[in-house]
Each structure stands twice: as C-alpha cells, then as structure tokens.
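Okay, structure first, notes after.
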Amino acid sequence: MASLSIPGVEDPDETGLSAPVCRTVTPDGDVLLLLPGDSAAARAAAHAQDDELTAVMEITDVAPVSVPHRIRGRAWVAGWLTPVRNGMRTEAAMLLAERHPVGELLGVGEALQPDPAPGPAGRTAWMMLRLEVGEGAVDDLWGAESFEPDDFAAAAPDPLVAHEAELLQHLHAAHSDQVRGLCALLGDQEQRCGLRDRAVPVGLDRFGLRVRFTDAEQRSFDARFDFPEPVRDVAELRRAMHQLFEAAGD
C-alpha cells in the first residue's frame with residue numbers, strides 16, 4: 001500500500017484519492033505514479049512552479065497471510081513532484097503499464113492527461129506524476145536504514161517479488177506441517193517452538209524464508225531460514241525449499 005503526502009496540502013477526500021493507483025521506478029531512479037486527476041496531489045502538482053513541490057510517499061508492506069502484526073515494514077521516499085508532460089507521457093505510460101497491465105492502463109490515452117481534466121461520463125481522468133527522489137528510509141523486519149538516490153536507482157527488484165504473495169499463501173495452506181517442522185533447524189531456539197501453536201510463513205525472498213511462530217496467547221517470535229545460496233527464479237526456489245524441508249526432517 002502506498003500513500004502520497006504534500007506538506008501544506010490536505011486531501012479532503014477520506015477515500016484515499018492521493019493513494020497511487022499504481023507506481024513504478026524508471027531506469028534513472030525516479031518514481032512514476034498514476035493518480036486520479038481530481039486528487040489533491042494531482043491538482044497541486046499541476047499548478048506548482050517548476051520543481052518546487054516537495055512530497056513524501058509512504059509505502060506499507062503487509063504480509064499476504066493471516067498473522068498477528070501483519071505489517072512487515074514501512075518505507076518513505078521524499079523528493080520533488082512534477083506532472084509527466086509532453087513527449088515523456090507515452091514512455092511513462094508504457095513503463096507503468098509493464099508494472100500494472102490491467103485496469104486503468106489498458107487505455108493508455110486515459111493516462112496521458114497533462115492536467116487534471118474531466119474524463120468521459122462515468123470514467124475517471126488520470127494523471128501521471130514523477131517523484132524525483134531526494135532521500136529515503138526503510139524500517140522493516142530486517143532493521144532500519146536510510147538510503148541515497150543513487151542507491152535507490154541502482155537497486156534491483158527481488159526475483160521473487162511478483163510471486164511472493166501466492167507462494168506464501170501456498171506454503172501456509174498446503175505445507176503448514178513442514179513449515180512448522182523447520183523448528184528442527186533452530187538449534188538452541190528449538191525448545192521455544194514447542195510452545196507455539198502456529199507457524200506462518202510471513203516473508204520470502206531470494207535469500208530465504210521468514211516464519212512467525214505464535215502461541216494461543218498471541219506471543220510470537222520470527223525465525224529466518226536461509227537458503228544454501230540465493231535463488232534466481234521459482235524453479236530454484238522449489239529446490240531450495242525441498243532442501244530446507246529435508247534438512248529439517250533428518
């Protein structure tokens with residue numbers, strides 16, 4: 001989930017009009033956002049002078065499985081907000097469409113509005129905005145850290161990001177006993193697992209799996225199970241998971 005805030009600009013619509021419909025990152029490290037043209041952020045960007053409109057995008061990462069304390073982390077990206085105009089609109093719309101190929105971006109022309117404007121009857125006019133990153137920070141299960149624009153631009157998505165939600169839900173629904181059995185790999189912490197009623201996979205990336213163990217009183221702890229080596233795709237993930245399960249069963 002993502003929301004956009006602009007100092008001094010309030011969105012009177014509590015339905016979340018300033019929440020981007022979709023977003024993506026350009027090769028240069030800017031963030032492209034698609035918002036309703038009548039949102040406060042779109043209106044402010046359309047009337048701002050040059051690059052003077054500062055904004056902060058907050059991203060909340062929520063575990064895609066049912067578990068206590070589902071928020072896995074938050075990130076903040078601060079910078080300067082401008083409308084995407086002129087010859088850049090088609091390229092920007094294509095980049096957004098790669099990230100979000102359905103819904104609003106099926107009609108690319110609707111996303112090319114240079115300024116907030118009414119759409120056809122019963123339809124929303126969309127506006128593309130560009131957030132030039134000035135600084136950012138992350139606070140998640142792995143710790144808290146700030147980052148610079150160059151680091152943000154150079155970062156690559158995890159190869160499992162597009163499949164993580166489906167994979168975690170599958171592990172939870174079809175392999176819950178095996179996931180709980182991973183306690184055998186925890187060494188000195190294994191005794192703590194015996195007091196836990198549930199084991200839910202809450203995070204998955206190319207480096208490993210994170211499991212949350214919770215008891216009937218909702219006391220919990222997280223354990224990280226690293227793969228022997230980073231995986232590059234779902235096929236390698238399957239092999240790595242089999243290795244983890246086999247090691248826990250020995």
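As shown in the structure tokens, the chain order sets the letters A, B, ...; within each chain, residues go from 1, and ligands are also counted from 1 in the order they appear.
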
Would you mind listing what lies within 10 Å of Thr82 in chain A as a list in words, with only C-alpha atoms counted and same-chain residues fewer than 5 positions away left out?
-> Leu32, Ala41, Ala42, Ala44, Ala45, Ala46, His47, Ala48, Gln49, Asp50, Asp51, Glu52, Leu53, Thr54, Ala55, Met128, Leu129, Arg130, Leu131 and Glu132 of chain A

Determine which residues of range 61-249 of chain A DSSP labels as strand (DSSP E or B) from the backbone of this structure, then write them out as a ChimeraX atom specification.
-> /A:61-62,71-83,113,126-140,143-147,198-205,208-214,220-226

Within 6 Å of Phe207 in chain A using only C-alpha atoms, minus same-chain residues under 2 positions, as a ChimeraX atom specification | /A:205,226-227,230

Which one is closest to Asp61 in chain A: A:Ala156, A:Trp126, A:Ala165, A:Pro20? Count only C-alpha atoms.
-> A:Ala165

Could you please write out, as a PyMOL selection string, every residue of range 14-226 of chain A that DSSP assigns to alpha helix (DSSP H)?
-> chain A and resi 40-47+88-99+149-154+164-174+176-181+190-193

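When only C-alpha atoms are used to compute distances to Gln169 in chain A, the closest of the residues A:Met57, A:Pro201, A:Val77, A:Pro149 turns out to be A:Pro201.
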
When you draw a straight line from CA of Ser39 in chain A to CA of Asn86 in chain A, how long is it in Å?
-> 20.9 Å

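If you measure from each of A:Arg224, A:Arg239, A:Arg43, A:Arg85 to Leu186 in chain A using only C-alpha atoms, the closest one turns out to be A:Arg224.
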
Do a neighbour search on Gly249 in chain A at 12 Å with only C-alpha atoms, toss out local chain neighbours closer than 3 positions, and write the hits as a PyMOL selection string.
-> chain A and resi 177-185+242-246

Could you write those residues out with N, CA and C atoms, as an mmCIF file, in the first residue's frame?
```cif
data_model
loop_
_atom_site.group_PDB
_atom_site.id
_atom_site.type_symbol
_atom_site.label_atom_id
_atom_site.label_comp_id
_atom_site.auth_asym_id
_atom_site.auth_seq_id
_atom_site.Cartn_x
_atom_site.Cartn_y
_atom_site.Cartn_z
ATOM 1 N N ASP A 177 2.515 -28.105 8.043
ATOM 2 C CA ASP A 177 3.261 -29.011 8.926
ATOM 3 C C ASP A 177 4.751 -28.965 8.636
ATOM 4 N N GLN A 178 5.104 -28.907 7.364
ATOM 5 C CA GLN A 178 6.518 -28.841 7.007
ATOM 6 C C GLN A 178 7.131 -27.518 7.432
ATOM 7 N N VAL A 179 6.344 -26.438 7.319
ATOM 8 C CA VAL A 179 6.845 -25.133 7.755
ATOM 9 C C VAL A 179 7.101 -25.154 9.259
ATOM 10 N N ARG A 180 6.187 -25.720 10.023
ATOM 11 C CA ARG A 180 6.394 -25.800 11.464
ATOM 12 C C ARG A 180 7.581 -26.693 11.781
ATOM 13 N N GLY A 181 7.787 -27.716 10.974
ATOM 14 C CA GLY A 181 8.894 -28.621 11.199
ATOM 15 C C GLY A 181 10.262 -27.983 11.039
ATOM 16 N N LEU A 182 10.304 -26.804 10.438
ATOM 17 C CA LEU A 182 11.584 -26.102 10.285
ATOM 18 C C LEU A 182 12.191 -25.725 11.631
ATOM 19 N N CYS A 183 11.394 -25.825 12.700
ATOM 20 C CA CYS A 183 11.920 -25.585 14.041
ATOM 21 C C CYS A 183 13.152 -26.439 14.321
ATOM 22 N N ALA A 184 13.205 -27.600 13.706
ATOM 23 C CA ALA A 184 14.332 -28.509 13.951
ATOM 24 C C ALA A 184 15.661 -27.895 13.541
ATOM 25 N N LEU A 185 15.621 -26.856 12.731
ATOM 26 C CA LEU A 185 16.851 -26.218 12.254
ATOM 27 C C LEU A 185 17.302 -25.062 13.148
ATOM 28 N N HIS A 242 12.762 -27.601 -0.877
ATOM 29 C CA HIS A 242 12.890 -29.041 -0.639
ATOM 30 C C HIS A 242 14.115 -29.334 0.214
ATOM 31 N N GLN A 243 15.200 -28.611 -0.035
ATOM 32 C CA GLN A 243 16.410 -28.816 0.763
ATOM 33 C C GLN A 243 16.176 -28.435 2.208
ATOM 34 N N LEU A 244 15.453 -27.334 2.450
ATOM 35 C CA LEU A 244 15.158 -26.925 3.807
ATOM 36 C C LEU A 244 14.286 -27.982 4.509
ATOM 37 N N PHE A 245 13.242 -28.427 3.838
ATOM 38 C CA PHE A 245 12.343 -29.410 4.452
ATOM 39 C C PHE A 245 13.069 -30.724 4.726
ATOM 40 N N GLU A 246 13.910 -31.142 3.804
ATOM 41 C CA GLU A 246 14.657 -32.384 4.006
ATOM 42 C C GLU A 246 15.627 -32.259 5.161
#
```

Interatomic distance (Å, one decimal) between CA of Gly143 in chain A and CA of Ala216 in chain A | 27.1 Å

Neighbours of Ala199 in chain A within 8 Å (only C-alpha atoms; same-chain residues fewer than 5 positions away dropped), as a ChimeraX atom specification?
-> /A:176,179-180,211-214

Export of prior selection with N, CA and C atoms as a PDB file, in the first residue's frame:
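In the end it all went to selection.pdb:
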```
ATOM      1  N   SER A 176       1.805 -26.461   5.856  1.00  0.00           N
ATOM      2  CA  SER A 176       1.926 -25.876   7.198  1.00  0.00           C
ATOM      3  C   SER A 176       2.714 -26.770   8.142  1.00  0.00           C
ATOM      4  N   VAL A 179       6.344 -26.438   7.319  1.00  0.00           N
ATOM      5  CA  VAL A 179       6.845 -25.133   7.755  1.00  0.00           C
ATOM      6  C   VAL A 179       7.101 -25.154   9.259  1.00  0.00           C
ATOM      7  N   ARG A 180       6.187 -25.720  10.023  1.00  0.00           N
ATOM      8  CA  ARG A 180       6.394 -25.800  11.464  1.00  0.00           C
ATOM      9  C   ARG A 180       7.581 -26.693  11.781  1.00  0.00           C
ATOM     10  N   VAL A 211       9.605 -17.158   9.064  1.00  0.00           N
ATOM     11  CA  VAL A 211       8.427 -17.808   9.640  1.00  0.00           C
ATOM     12  C   VAL A 211       8.125 -17.179  10.994  1.00  0.00           C
ATOM     13  N   ARG A 212       6.837 -16.924  11.237  1.00  0.00           N
ATOM     14  CA  ARG A 212       6.408 -16.400  12.536  1.00  0.00           C
ATOM     15  C   ARG A 212       5.719 -17.498  13.324  1.00  0.00           C
ATOM     16  N   PHE A 213       6.244 -17.786  14.497  1.00  0.00           N
ATOM     17  CA  PHE A 213       5.686 -18.785  15.398  1.00  0.00           C
ATOM     18  C   PHE A 213       4.882 -18.062  16.475  1.00  0.00           C
ATOM     19  N   THR A 214       3.615 -18.471  16.658  1.00  0.00           N
ATOM     20  CA  THR A 214       2.697 -17.781  17.558  1.00  0.00           C
ATOM     21  C   THR A 214       1.971 -18.783  18.437  1.00  0.00           C
TER      22      THR A 214
END
```

Among A:Ala125, A:Leu33, A:Ala247, A:Val56, Gly8 in chain A is approached most closely, using only C-alpha atoms, by A:Val56

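Of the residues under consideration (A:Val25, A:Leu141, A:Ala240, A:Ala92), A:Val25 shows the shortest atom-to-atom contact distance to Pro157 in chain A when counting only C-alpha atoms.
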